[in-house]
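Participant: Got a file for you: target03.tsv, TSV, C-alpha atoms.
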chain	number	residue	atom	x	y	z
A	1	MET	CA	-18.12	-43.37	-12.47
A	2	GLU	CA	-14.54	-43.23	-11.27
A	3	ILE	CA	-14.24	-39.54	-12.14
A	4	PHE	CA	-17.39	-38.77	-10.19
A	5	GLU	CA	-16.09	-40.59	-7.14
A	6	THR	CA	-12.76	-38.77	-7.27
A	7	ILE	CA	-14.50	-35.40	-7.53
A	8	ARG	CA	-16.83	-36.34	-4.71
A	9	GLY	CA	-13.84	-37.24	-2.57
A	10	ILE	CA	-12.17	-33.88	-3.28
A	11	ILE	CA	-15.33	-31.94	-2.45
A	12	CYS	CA	-15.94	-33.87	0.76
A	13	GLU	CA	-12.41	-33.25	1.91
A	14	GLN	CA	-12.32	-29.55	0.98
A	15	LEU	CA	-15.74	-28.73	2.40
A	16	GLU	CA	-15.58	-31.12	5.36
A	17	ILE	CA	-18.67	-33.04	4.31
A	18	GLU	CA	-18.99	-36.27	6.25
A	19	ASP	CA	-21.70	-38.09	4.33
A	20	GLU	CA	-20.52	-38.69	0.74
A	21	GLU	CA	-24.02	-39.76	-0.24
A	22	THR	CA	-25.30	-36.19	0.05
A	23	ILE	CA	-23.37	-35.42	-3.13
A	24	THR	CA	-24.88	-36.57	-6.43
A	25	MET	CA	-24.39	-35.70	-10.09
A	26	GLU	CA	-27.05	-33.01	-9.69
A	27	THR	CA	-25.35	-31.26	-6.75
A	28	SER	CA	-24.19	-27.67	-7.26
A	29	ILE	CA	-21.09	-26.83	-5.21
A	30	MET	CA	-22.07	-23.25	-4.45
A	31	ASP	CA	-25.87	-23.52	-4.35
A	32	ASP	CA	-26.30	-26.80	-2.49
A	33	LEU	CA	-23.21	-27.12	-0.31
A	34	GLU	CA	-23.03	-23.62	1.14
A	35	ALA	CA	-19.61	-23.08	-0.40
A	36	ASP	CA	-18.43	-19.59	-1.33
A	37	SER	CA	-16.43	-18.59	-4.38
A	38	LEU	CA	-13.12	-19.12	-2.54
A	39	ASP	CA	-14.16	-22.66	-1.58
A	40	ALA	CA	-14.96	-23.27	-5.24
A	41	VAL	CA	-11.46	-22.09	-6.23
A	42	GLU	CA	-9.93	-24.59	-3.80
A	43	VAL	CA	-12.01	-27.43	-5.25
A	44	MET	CA	-11.05	-26.45	-8.82
A	45	MET	CA	-7.35	-26.31	-7.92
A	46	ASP	CA	-7.52	-29.80	-6.42
A	47	ILE	CA	-9.39	-31.16	-9.44
A	48	GLU	CA	-6.76	-29.64	-11.75
A	49	ASP	CA	-3.95	-31.24	-9.75
A	50	GLU	CA	-5.70	-34.61	-9.47
A	51	PHE	CA	-6.43	-35.00	-13.20
A	52	ASP	CA	-3.39	-33.03	-14.34
A	53	ILE	CA	-5.49	-30.69	-16.47
A	54	GLU	CA	-6.08	-26.96	-16.62
A	55	ILE	CA	-9.57	-25.56	-16.19
A	56	PRO	CA	-9.74	-21.93	-17.36
A	57	ASP	CA	-12.08	-19.70	-15.36
A	58	GLU	CA	-14.39	-19.13	-18.31
A	59	ASP	CA	-14.97	-22.91	-18.43
A	60	ALA	CA	-15.34	-23.24	-14.66
A	61	GLU	CA	-18.00	-20.52	-14.70
A	62	GLU	CA	-20.20	-22.71	-16.89
A	63	PHE	CA	-20.35	-25.63	-14.45
A	64	LYS	CA	-23.83	-25.87	-12.99
A	65	ASN	CA	-23.48	-29.18	-11.19
A	66	ILE	CA	-21.09	-32.08	-10.66
A	67	ALA	CA	-22.31	-33.77	-13.85
A	68	ASP	CA	-20.98	-30.81	-15.88
A	69	ILE	CA	-17.58	-31.16	-14.23
A	70	VAL	CA	-17.48	-34.92	-14.86
A	71	LYS	CA	-18.38	-34.43	-18.53
A	72	TYR	CA	-15.74	-31.70	-18.88
A	73	ILE	CA	-13.02	-33.89	-17.42
A	74	GLU	CA	-14.05	-36.89	-19.54
A	75	GLU	CA	-13.64	-34.76	-22.66
A	76	LYS	CA	-10.33	-33.33	-21.50
A	77	ILE	CA	-8.64	-36.61	-20.67
A	78	ALA	CA	-10.15	-38.61	-23.53
B	1	MET	CA	15.46	3.82	0.12
B	2	PHE	CA	13.90	0.43	-0.20
B	3	ASN	CA	14.27	-1.24	-3.56
B	4	THR	CA	12.29	-4.43	-4.15
B	5	LYS	CA	11.09	-6.51	-7.07
B	6	ILE	CA	7.83	-4.56	-6.98
B	7	CYS	CA	9.79	-1.39	-7.89
B	8	ASP	CA	11.28	-3.16	-10.91
B	9	ILE	CA	8.07	-4.83	-12.09
B	10	LEU	CA	5.90	-1.71	-11.80
B	11	ASP	CA	8.73	0.71	-12.67
B	12	ILE	CA	8.24	2.84	-9.55
B	13	GLU	CA	10.67	4.33	-7.01
B	14	CYS	CA	8.93	3.34	-3.76
B	15	PRO	CA	7.09	0.03	-3.36
B	16	ILE	CA	3.96	1.81	-2.15
B	17	ILE	CA	0.66	1.35	-3.97
B	18	GLN	CA	-2.45	3.42	-3.43
B	19	GLY	CA	-5.66	1.46	-2.89
B	20	GLY	CA	-8.36	1.55	-5.56
B	21	MET	CA	-11.13	3.06	-3.45
B	22	ALA	CA	-14.41	3.74	-5.25
B	23	TRP	CA	-15.34	7.46	-5.46
B	24	VAL	CA	-12.11	8.38	-3.60
B	25	ALA	CA	-9.36	7.17	-5.92
B	26	THR	CA	-9.70	9.74	-8.71
B	27	HIS	CA	-7.04	11.10	-11.06
B	28	GLU	CA	-6.16	13.81	-8.49
B	29	LEU	CA	-5.11	11.27	-5.85
B	30	ALA	CA	-3.49	8.90	-8.34
B	31	GLN	CA	-1.47	11.76	-9.82
B	32	ALA	CA	-0.18	12.83	-6.40
B	33	VAL	CA	0.86	9.29	-5.44
B	34	SER	CA	2.51	8.49	-8.78
B	35	ASN	CA	4.38	11.80	-8.85
B	36	ALA	CA	5.62	11.11	-5.31
B	37	GLY	CA	7.22	7.86	-6.47
B	38	GLY	CA	4.51	5.34	-5.57
B	39	LEU	CA	1.85	3.82	-7.79
B	40	GLY	CA	-1.28	5.93	-8.03
B	41	VAL	CA	-4.45	4.07	-8.91
B	42	ILE	CA	-7.77	5.21	-10.38
B	43	ALA	CA	-10.71	3.21	-9.06
B	44	ALA	CA	-13.23	2.23	-11.72
B	45	GLY	CA	-15.64	1.14	-8.98
B	46	ALA	CA	-19.11	0.80	-10.49
B	47	ALA	CA	-18.61	3.85	-12.73
B	48	PRO	CA	-19.49	3.70	-16.43
B	49	VAL	CA	-16.74	3.53	-19.05
B	50	GLU	CA	-16.91	7.18	-20.14
B	51	VAL	CA	-16.28	8.42	-16.61
B	52	VAL	CA	-13.26	6.16	-16.20
B	53	ARG	CA	-11.92	7.05	-19.66
B	54	ASP	CA	-12.07	10.72	-18.71
B	55	GLU	CA	-10.19	10.03	-15.45
B	56	ILE	CA	-7.46	8.12	-17.30
B	57	LYS	CA	-7.05	10.89	-19.87
B	58	LYS	CA	-6.74	13.57	-17.18
B	59	LEU	CA	-4.22	11.49	-15.27
B	60	LYS	CA	-2.11	10.88	-18.37
B	61	LYS	CA	-2.03	14.62	-19.01
B	62	ASN	CA	-0.70	15.31	-15.51
B	63	THR	CA	1.91	12.63	-15.00
B	64	ASP	CA	4.38	10.69	-17.07
B	65	LYS	CA	4.89	8.22	-14.24
B	66	PRO	CA	3.32	4.73	-14.23
B	67	PHE	CA	-0.14	4.40	-12.75
B	68	GLY	CA	-2.85	1.80	-12.38
B	69	VAL	CA	-6.58	1.29	-12.72
B	70	ASN	CA	-8.48	-0.82	-10.20
B	71	ILE	CA	-11.25	-2.89	-11.74
B	72	MET	CA	-14.02	-3.96	-9.42
B	73	LEU	CA	-15.00	-7.25	-11.02
B	74	MET	CA	-18.55	-7.19	-9.68
B	75	SER	CA	-19.23	-3.90	-11.48
B	76	PRO	CA	-21.90	-4.15	-14.19
B	77	PHE	CA	-19.37	-2.42	-16.46
B	78	ALA	CA	-16.39	-4.69	-15.66
B	79	GLU	CA	-16.09	-6.12	-19.19
B	80	ASP	CA	-16.19	-2.66	-20.78
B	81	ILE	CA	-13.58	-1.38	-18.34
B	82	VAL	CA	-11.33	-4.29	-19.31
B	83	GLU	CA	-11.63	-3.18	-22.96
B	84	LEU	CA	-10.94	0.41	-21.95
B	85	VAL	CA	-7.72	-0.26	-20.03
B	86	CYS	CA	-6.44	-2.29	-22.97
B	87	GLU	CA	-7.30	0.50	-25.43
B	88	GLU	CA	-5.68	3.11	-23.20
B	89	LYS	CA	-2.65	0.90	-22.57
B	90	VAL	CA	-2.85	1.48	-18.83
B	91	PRO	CA	0.49	0.31	-17.32
B	92	VAL	CA	-0.94	-1.59	-14.33
B	93	VAL	CA	-4.31	-3.13	-13.45
B	94	THR	CA	-5.29	-4.13	-9.94
B	95	THR	CA	-8.48	-6.13	-9.49
B	96	GLY	CA	-10.85	-6.66	-6.61
B	97	ALA	CA	-14.10	-8.43	-5.73
B	98	GLY	CA	-13.52	-11.58	-7.71
B	99	ASN	CA	-11.27	-13.61	-9.96
B	100	PRO	CA	-9.79	-11.82	-13.01
B	101	GLY	CA	-8.57	-15.12	-14.56
B	102	LYS	CA	-10.68	-14.94	-17.70
B	103	TYR	CA	-9.27	-11.51	-18.65
B	104	MET	CA	-5.66	-12.42	-17.98
B	105	ASP	CA	-4.65	-13.23	-21.58
B	106	LYS	CA	-6.19	-10.00	-22.82
B	107	PHE	CA	-4.29	-7.90	-20.26
B	108	LYS	CA	-1.02	-9.66	-20.97
B	109	SER	CA	-1.31	-9.33	-24.75
B	110	ASN	CA	-1.72	-5.56	-24.24
B	111	GLY	CA	1.41	-5.36	-22.11
B	112	ILE	CA	-0.53	-4.58	-18.93
B	113	LYS	CA	0.91	-5.67	-15.58
B	114	VAL	CA	-1.77	-7.49	-13.61
B	115	VAL	CA	-1.85	-7.33	-9.82
B	116	PRO	CA	-4.99	-8.97	-8.38
B	117	ILE	CA	-6.11	-8.53	-4.79
B	118	VAL	CA	-6.43	-11.93	-3.11
B	119	PRO	CA	-7.95	-12.95	0.23
B	120	SER	CA	-6.85	-16.62	0.23
B	121	VAL	CA	-3.95	-18.94	-0.51
B	122	ALA	CA	-5.82	-20.99	-3.16
B	123	LEU	CA	-6.77	-17.94	-5.22
B	124	ALA	CA	-3.20	-16.64	-4.92
B	125	LYS	CA	-1.84	-19.92	-6.33
B	126	ARG	CA	-4.44	-19.98	-9.09
B	127	LEU	CA	-3.69	-16.43	-10.23
B	128	GLU	CA	0.04	-17.03	-10.23
B	129	ARG	CA	-0.59	-20.03	-12.48
B	130	GLN	CA	-2.68	-17.81	-14.77
B	131	GLY	CA	0.09	-15.24	-15.15
B	132	ALA	CA	-0.40	-12.52	-12.52
B	133	ASP	CA	2.71	-10.32	-12.21
B	134	ALA	CA	2.33	-9.76	-8.46
B	135	LEU	CA	-0.38	-10.13	-5.84
B	136	ILE	CA	-1.92	-7.75	-3.35
B	137	VAL	CA	-2.62	-9.80	-0.23
B	138	GLU	CA	-5.22	-7.93	1.75
B	139	GLY	CA	-6.08	-8.67	5.35
B	140	THR	CA	-9.38	-8.03	7.08
B	141	GLU	CA	-7.95	-4.91	8.78
B	142	ALA	CA	-8.60	-3.07	5.53
B	143	GLY	CA	-11.49	-0.70	4.89
B	144	GLY	CA	-14.39	-1.33	2.54
B	145	HIS	CA	-15.06	-4.87	1.33
B	146	ILE	CA	-12.98	-7.33	3.31
B	147	GLY	CA	-11.97	-10.97	3.67
B	148	GLU	CA	-11.62	-13.08	6.80
B	149	LEU	CA	-7.89	-13.46	7.45
B	150	THR	CA	-5.59	-10.88	8.98
B	151	THR	CA	-2.64	-9.36	7.15
B	152	MET	CA	-0.29	-10.86	9.75
B	153	SER	CA	-1.52	-14.41	9.07
B	154	LEU	CA	-2.29	-14.31	5.37
B	155	VAL	CA	0.78	-12.55	3.95
B	156	PRO	CA	3.38	-15.14	5.04
B	157	GLN	CA	1.10	-18.02	4.05
B	158	VAL	CA	0.82	-16.65	0.51
B	159	VAL	CA	4.52	-15.70	0.35
B	160	ASP	CA	5.38	-19.34	1.16
B	161	VAL	CA	3.52	-20.79	-1.82
B	162	VAL	CA	4.02	-18.32	-4.69
B	163	ASP	CA	7.13	-17.17	-6.53
B	164	ILE	CA	5.74	-13.82	-7.70
B	165	PRO	CA	6.18	-10.85	-5.34
B	166	VAL	CA	3.51	-10.01	-2.80
B	167	ILE	CA	2.20	-6.60	-1.76
B	168	ALA	CA	0.72	-6.49	1.74
B	169	ALA	CA	-2.45	-4.50	2.43
B	170	GLY	CA	-4.77	-3.94	5.34
B	171	GLY	CA	-3.75	-2.18	8.55
B	172	ILE	CA	-0.68	-0.39	7.21
B	173	ALA	CA	-0.26	3.39	7.47
B	174	ASP	CA	3.28	4.16	8.63
B	175	GLY	CA	6.92	3.14	8.48
B	176	ARG	CA	6.51	0.47	11.15
B	177	GLY	CA	3.71	-1.20	9.18
B	178	PHE	CA	5.78	-0.96	6.00
B	179	LEU	CA	8.75	-2.63	7.67
B	180	ALA	CA	6.51	-5.27	9.27
B	181	ALA	CA	5.08	-6.12	5.84
B	182	LEU	CA	8.58	-6.58	4.43
B	183	SER	CA	9.43	-8.79	7.44
B	184	LEU	CA	6.46	-11.01	6.59
B	185	GLY	CA	7.93	-11.52	3.14
B	186	ALA	CA	6.03	-8.88	1.20
B	187	GLU	CA	7.96	-6.64	-1.22
B	188	GLY	CA	5.62	-3.69	-1.06
B	189	ILE	CA	2.51	-2.29	0.56
B	190	GLN	CA	-0.85	-0.97	-0.52
B	191	MET	CA	-2.55	1.69	1.58
B	192	GLY	CA	-6.06	3.04	1.32
B	193	THR	CA	-7.16	4.86	4.47
B	194	ARG	CA	-3.82	6.68	4.85
B	195	PHE	CA	-4.18	8.17	1.35
B	196	VAL	CA	-7.80	9.21	2.00
B	197	CYS	CA	-6.32	11.54	4.61
B	198	SER	CA	-4.13	13.37	2.10
B	199	THR	CA	-4.48	16.95	0.93
B	200	GLU	CA	-4.81	15.85	-2.70
B	201	CYS	CA	-7.63	13.37	-2.08
B	202	ILE	CA	-10.96	14.81	-3.27
B	203	ALA	CA	-13.01	13.11	-0.54
B	204	HIS	CA	-15.10	15.57	1.50
B	205	ASP	CA	-13.27	17.17	4.45
B	206	ASN	CA	-15.91	15.81	6.85
B	207	TYR	CA	-14.97	12.28	5.77
B	208	LYS	CA	-11.25	12.87	6.26
B	209	ARG	CA	-11.79	14.51	9.63
B	210	LYS	CA	-13.97	11.59	10.75
B	211	ILE	CA	-11.06	9.22	10.07
B	212	VAL	CA	-8.59	11.51	11.86
B	213	LYS	CA	-10.92	11.63	14.85
B	214	ALA	CA	-11.60	7.87	14.89
B	215	LYS	CA	-10.37	5.75	17.80
B	216	ASP	CA	-9.11	2.17	17.62
B	217	ARG	CA	-12.49	0.50	18.07
B	218	ASP	CA	-14.45	2.79	15.76
B	219	ALA	CA	-13.87	0.78	12.57
B	220	ILE	CA	-16.62	-1.84	12.61
B	221	VAL	CA	-17.91	-4.43	10.16
B	222	THR	CA	-21.36	-4.27	8.56
B	223	GLY	CA	-22.89	-6.89	6.28
B	224	ARG	CA	-21.41	-10.01	7.92
B	225	SER	CA	-24.82	-11.69	7.69
B	226	THR	CA	-25.11	-10.96	3.95
B	227	GLY	CA	-21.80	-12.57	3.03
B	228	TYR	CA	-20.42	-9.21	1.83
B	229	PRO	CA	-18.76	-7.72	4.91
B	230	VAL	CA	-17.70	-4.08	4.72
B	231	ARG	CA	-15.51	-2.21	7.21
B	232	VAL	CA	-16.67	1.33	8.03
B	233	ILE	CA	-16.32	3.95	10.74
B	234	LYS	CA	-19.13	3.69	13.25
B	235	ASN	CA	-21.88	6.27	12.68
B	236	ARG	CA	-25.66	6.57	12.72
B	237	PHE	CA	-26.06	4.68	9.44
B	238	SER	CA	-23.76	1.75	10.26
B	239	LYS	CA	-25.30	1.31	13.70
B	240	GLU	CA	-28.78	1.23	12.15
B	241	TYR	CA	-27.61	-1.25	9.49
B	242	ILE	CA	-26.18	-3.63	12.08
B	243	LYS	CA	-29.37	-3.39	14.11
B	244	LEU	CA	-31.44	-4.38	11.06
B	245	GLU	CA	-29.04	-7.24	10.32
B	246	LYS	CA	-29.63	-8.56	13.82
B	247	GLU	CA	-33.37	-8.33	13.21
B	248	GLU	CA	-32.79	-10.49	10.12
B	249	VAL	CA	-34.17	-7.99	7.66
B	250	PRO	CA	-34.08	-9.55	4.13
B	251	PHE	CA	-30.89	-9.16	2.09
B	252	GLU	CA	-32.65	-7.17	-0.68
B	253	GLU	CA	-33.86	-4.62	1.83
B	254	LEU	CA	-30.38	-4.22	3.32
B	255	GLU	CA	-28.89	-3.86	-0.12
B	256	GLU	CA	-31.37	-1.13	-0.99
B	257	LEU	CA	-30.61	0.61	2.27
B	258	GLY	CA	-26.87	0.58	1.50
B	259	ALA	CA	-27.14	1.84	-2.08
B	260	GLY	CA	-25.48	5.21	-2.73
B	261	ARG	CA	-24.19	5.56	0.83
B	262	LEU	CA	-20.49	5.68	-0.03
B	263	ARG	CA	-21.08	8.51	-2.48
B	264	LEU	CA	-23.10	10.33	0.15
B	265	ALA	CA	-20.15	10.23	2.56
B	266	VAL	CA	-17.33	10.89	0.08
B	267	LYS	CA	-18.95	13.52	-2.13
B	268	GLU	CA	-21.60	15.16	0.06
B	269	GLY	CA	-19.74	14.80	3.34
B	270	ASP	CA	-22.81	13.38	5.07
B	271	ILE	CA	-21.01	11.60	7.88
B	272	ASP	CA	-24.20	10.60	9.70
B	273	ASN	CA	-26.05	8.88	6.87
B	274	GLY	CA	-23.18	7.95	4.54
B	275	SER	CA	-21.01	4.82	4.51
B	276	LEU	CA	-17.61	5.82	5.92
B	277	MET	CA	-15.47	3.03	4.52
B	278	ALA	CA	-12.10	2.98	6.33
B	279	GLY	CA	-9.68	0.48	7.83
B	280	GLN	CA	-8.79	-0.51	11.39
B	281	ILE	CA	-5.70	1.69	11.22
B	282	SER	CA	-7.93	4.81	11.15
B	283	GLY	CA	-7.33	5.22	14.89
B	284	MET	CA	-3.62	5.78	14.25
B	285	ILE	CA	-4.04	8.39	11.53
B	286	LYS	CA	-3.81	11.79	13.16
B	287	ASP	CA	-3.16	14.23	10.33
B	288	ILE	CA	-3.95	15.17	6.77
B	289	LYS	CA	-0.81	15.73	4.72
B	290	SER	CA	0.37	15.57	1.12
B	291	CYS	CA	0.93	12.21	-0.59
B	292	GLU	CA	4.59	13.13	-0.99
B	293	GLU	CA	4.91	13.66	2.76
B	294	ILE	CA	3.05	10.42	3.47
B	295	ILE	CA	5.42	8.42	1.29
B	296	ASN	CA	8.60	10.20	2.36
B	297	ASP	CA	7.71	9.86	6.05
B	298	ILE	CA	7.05	6.13	5.66
B	299	ILE	CA	10.41	5.52	4.01
B	300	LYS	CA	12.26	7.70	6.53
B	301	ASP	CA	10.53	6.06	9.52
B	302	ALA	CA	11.03	2.57	8.14
B	303	GLU	CA	14.78	3.23	7.87
B	304	LYS	CA	14.85	4.48	11.44
B	305	GLU	CA	12.87	1.48	12.67
B	306	LEU	CA	15.15	-0.89	10.80
B	307	ASN	CA	18.16	0.57	12.60
B	308	LYS	CA	16.32	0.12	15.88
B	309	LEU	CA	15.75	-3.55	15.07
B	310	TYR	CA	19.47	-3.92	14.35
B	311	SER	CA	20.25	-2.52	17.77
B	312	PHE	CA	18.21	-5.36	19.34
B	313	LYS	CA	20.54	-7.90	17.82
B	314	ARG	CA	23.02	-9.38	20.29
B	315	GLY	CA	26.52	-10.68	19.81
B	316	GLU	CA	29.06	-10.09	17.02
Please, can you express the file's structure as structure tokens?

Facilitator:
Amino acid sequence: MEIFETIRGIICEQLEIEDEETITMETSIMDDLEADSLDAVEVMMDIEDEFDIEIPDEDAEEFKNIADIVKYIEEKIA
Amino acid sequence: MFNTKICDILDIECPIIQGGMAWVATHELAQAVSNAGGLGVIAAGAAPVEVVRDEIKKLKKNTDKPFGVNIMLMSPFAEDIVELVCEEKVPVVTTGAGNPGKYMDKFKSNGIKVVPIVPSVALAKRLERQGADALIVEGTEAGGHIGELTTMSLVPQVVDVVDIPVIAAGGIADGRGFLAALSLGAEGIQMGTRFVCSTECIAHDNYKRKIVKAKDRDAIVTGRSTGYPVRVIKNRFSKEYIKLEKEEVPFEELEELGAGRLRLAVKEGDIDNGSLMAGQISGMIKDIKSCEEIINDIIKDAEKELNKLYSFKRGE
């Protein structure tokens, strides 16, 4: 749950979303939050810095929603 | 002469790169720019592999200087073009319309220098991390597909956060622009529109003359509503397109309307119905001259301008 909350915090800050509750595990950054590909790059960079991991673009392309990102990070830092 | 890190990295005499303009940047233009001491670039655009292979082979036959291939990442053939440039051991690759991160290892293992075009600070940082050799930072003054920020604002912001050298693009066509780019921290420039108006460029004369005739406010932006803004010279087609955008015609319809229009302008010279992609600096371009003259004049003028700046300095 902690990972999800951290990611949610990053997304809210990057995309200026006021109500955290609008973001769930099922949310897609680009489809649901009106973010463009450059916004997505900013979110990925912040996630990389926060968890001290590297997310190659071919992996990032596979993320469909927040749940995918959470699962990816769990596996990386396990 | 101006010698910067870009000259060393790309093994060229003048830190001037030619933009990878679809349909326009063929082996003829690339050859002229490379032989004049800059970096000529073949644009892969949305062309199939065989066409691009042929261009590369012709260019190799006509110059022994370094050159580049621009890969438009949204092309349906992008992956095949990546294979091709590796096979052909192209010295430099520039990329546009996306993030080339996933191809980076492949380029590097084939000894290719990678210079992506970036429209934002975050993507610049990410591509440096992934191993880009330099970055082309392109402002919204440019022609064709554009980003939001201006060259003046974006170049120094990127220069401040990356260690690799930056090439400024968008709104540059003479020695003053070249010197301004270096003042902002760039170590080279990329020009598109200026090289369209060269004798060696194969674009139709009507197209070149339209740029030469253009005034400052003639370069307008179409497609803002679709999320894919494109800067073009105002004509019958672009005015109609903007009108339809305002009427909120569906994206698919607009896309269909725009298909094939660049080719129509560049190849057929249909300046009423074609898409005349060109930058804001079109209004300043008043002549059609050889690529060698373009490059030599820029260097000569930049030196003159630099001396003028010195003369402004007080004291000592």

Participant: Tell me as a ChimeraX atom specification which residues belonging to chain A come within 6 Å of chain B, counting only C-alpha atoms.

Facilitator: /A:42,57-58

Participant: Can you tell me how far atom CA of A:Asp46 sits from atom CA of B:Ile71, in Å to one decimal?

Facilitator: 27.7 Å

Participant: Atom CA of B:Pro48 to atom CA of B:Ser275: how many Å, to one decimal?

Facilitator: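 Interatomic distance, atom CA of B:Pro48 to atom CA of B:Ser275: 21.0 Å.
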
Participant: Just how far from atom CA of B:Arg194 is atom CA of B:Ile112, in Å to one decimal?

Facilitator: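 Taking atom CA of B:Ile112 as the start and atom CA of B:Arg194 as the end point, the length is 26.5 Å.
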
Participant: For B:Ile16, which of B:Met277, B:Met284, B:Val161, B:Val33 is the closest residue, counting only C-alpha atoms?

Facilitator: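 Nearest candidate to B:Ile16 out of B:Met277, B:Met284, B:Val161, B:Val33: B:Val33.
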
Participant: Would you please work out which residue, of A:Thr27, A:Glu2, A:Tyr72, A:Lys64, is nearest to A:Glu48 when using all atoms listed in the file?

Facilitator: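 Looking only at the distances to A:Glu48, the closest residue turns out to be A:Tyr72.
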
Participant: What's the 7 Å shell around A:Ser28, counting all atoms listed in the file, without same-chain residues fewer than 4 positions away, as a list in words?

Facilitator: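 Once the adjacent positions are removed, what remains is Asp32, Lys64, Asn65 and Ile66 of chain A.
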
Participant: Write the selection just made, keeping C-alpha atoms, as an mmCIF file, in the frame of the given file?

Facilitator:
data_model
loop_
_atom_site.group_PDB
_atom_site.id
_atom_site.type_symbol
_atom_site.label_atom_id
_atom_site.label_comp_id
_atom_site.auth_asym_id
_atom_site.auth_seq_id
_atom_site.Cartn_x
_atom_site.Cartn_y
_atom_site.Cartn_z
ATOM 1 C CA ASP A 32 -26.300 -26.800 -2.490
ATOM 2 C CA LYS A 64 -23.830 -25.870 -12.990
ATOM 3 C CA ASN A 65 -23.480 -29.180 -11.190
ATOM 4 C CA ILE A 66 -21.090 -32.080 -10.660
#

Participant: Would you please work out which residue, of A:Leu15, A:Ile73, A:Ala78, A:Val43, is nearest to A:Ile3 when using only C-alpha atoms?

Facilitator: A:Ile73

Participant: Residues at most 8 Å from stretch 170-176 of chain B, counting all atoms listed in the file, excluding those fewer than 5 positions away in the same chain, as a tab-separated table (two decimals) with C-alpha atoms, in the coordinates of the input?

Facilitator:
chain	number	residue	atom	x	y	z
B	138	GLU	CA	-5.22	-7.93	1.75
B	139	GLY	CA	-6.08	-8.67	5.35
B	140	THR	CA	-9.38	-8.03	7.08
B	141	GLU	CA	-7.95	-4.91	8.78
B	142	ALA	CA	-8.60	-3.07	5.53
B	143	GLY	CA	-11.49	-0.70	4.89
B	150	THR	CA	-5.59	-10.88	8.98
B	151	THR	CA	-2.64	-9.36	7.15
B	189	ILE	CA	2.51	-2.29	0.56
B	190	GLN	CA	-0.85	-0.97	-0.52
B	191	MET	CA	-2.55	1.69	1.58
B	193	THR	CA	-7.16	4.86	4.47
B	194	ARG	CA	-3.82	6.68	4.85
B	279	GLY	CA	-9.68	0.48	7.83
B	280	GLN	CA	-8.79	-0.51	11.39
B	281	ILE	CA	-5.70	1.69	11.22
B	284	MET	CA	-3.62	5.78	14.25
B	285	ILE	CA	-4.04	8.39	11.53
B	297	ASP	CA	7.71	9.86	6.05
B	298	ILE	CA	7.05	6.13	5.66
B	299	ILE	CA	10.41	5.52	4.01
B	300	LYS	CA	12.26	7.70	6.53
B	301	ASP	CA	10.53	6.06	9.52
B	302	ALA	CA	11.03	2.57	8.14
B	303	GLU	CA	14.78	3.23	7.87
B	305	GLU	CA	12.87	1.48	12.67

Participant: Excluding same-chain residues fewer than 6 positions from stretch 237-244 of chain B, what lies within 10 Å of it counting only C-alpha atoms, as a PyMOL selection string?

Facilitator: chain B and resi 220-225+231+250+253-254+257-258+261+271-276

Participant: Restricting the calculation to all atoms listed in the file: of A:Asp36, A:Asp19, A:Glu61, A:Glu26, which residue gets closest to B:Gly147?

Facilitator: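 Counting all atoms listed in the file, the residue closest to B:Gly147 is A:Asp36.
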
Participant: Which is closest to B:Thr4 among B:Val162, B:Leu184, B:Ile167, B:Cys201, if we use all atoms listed in the file?

Facilitator: B:Ile167

Participant: From the list B:Ala168, B:Gln31, B:Ser282, B:Leu39, which residue is nearest B:Thr63 when using only C-alpha atoms?

Facilitator: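 Among B:Ala168, B:Gln31, B:Ser282, B:Leu39, it is B:Gln31 that comes nearest to B:Thr63.
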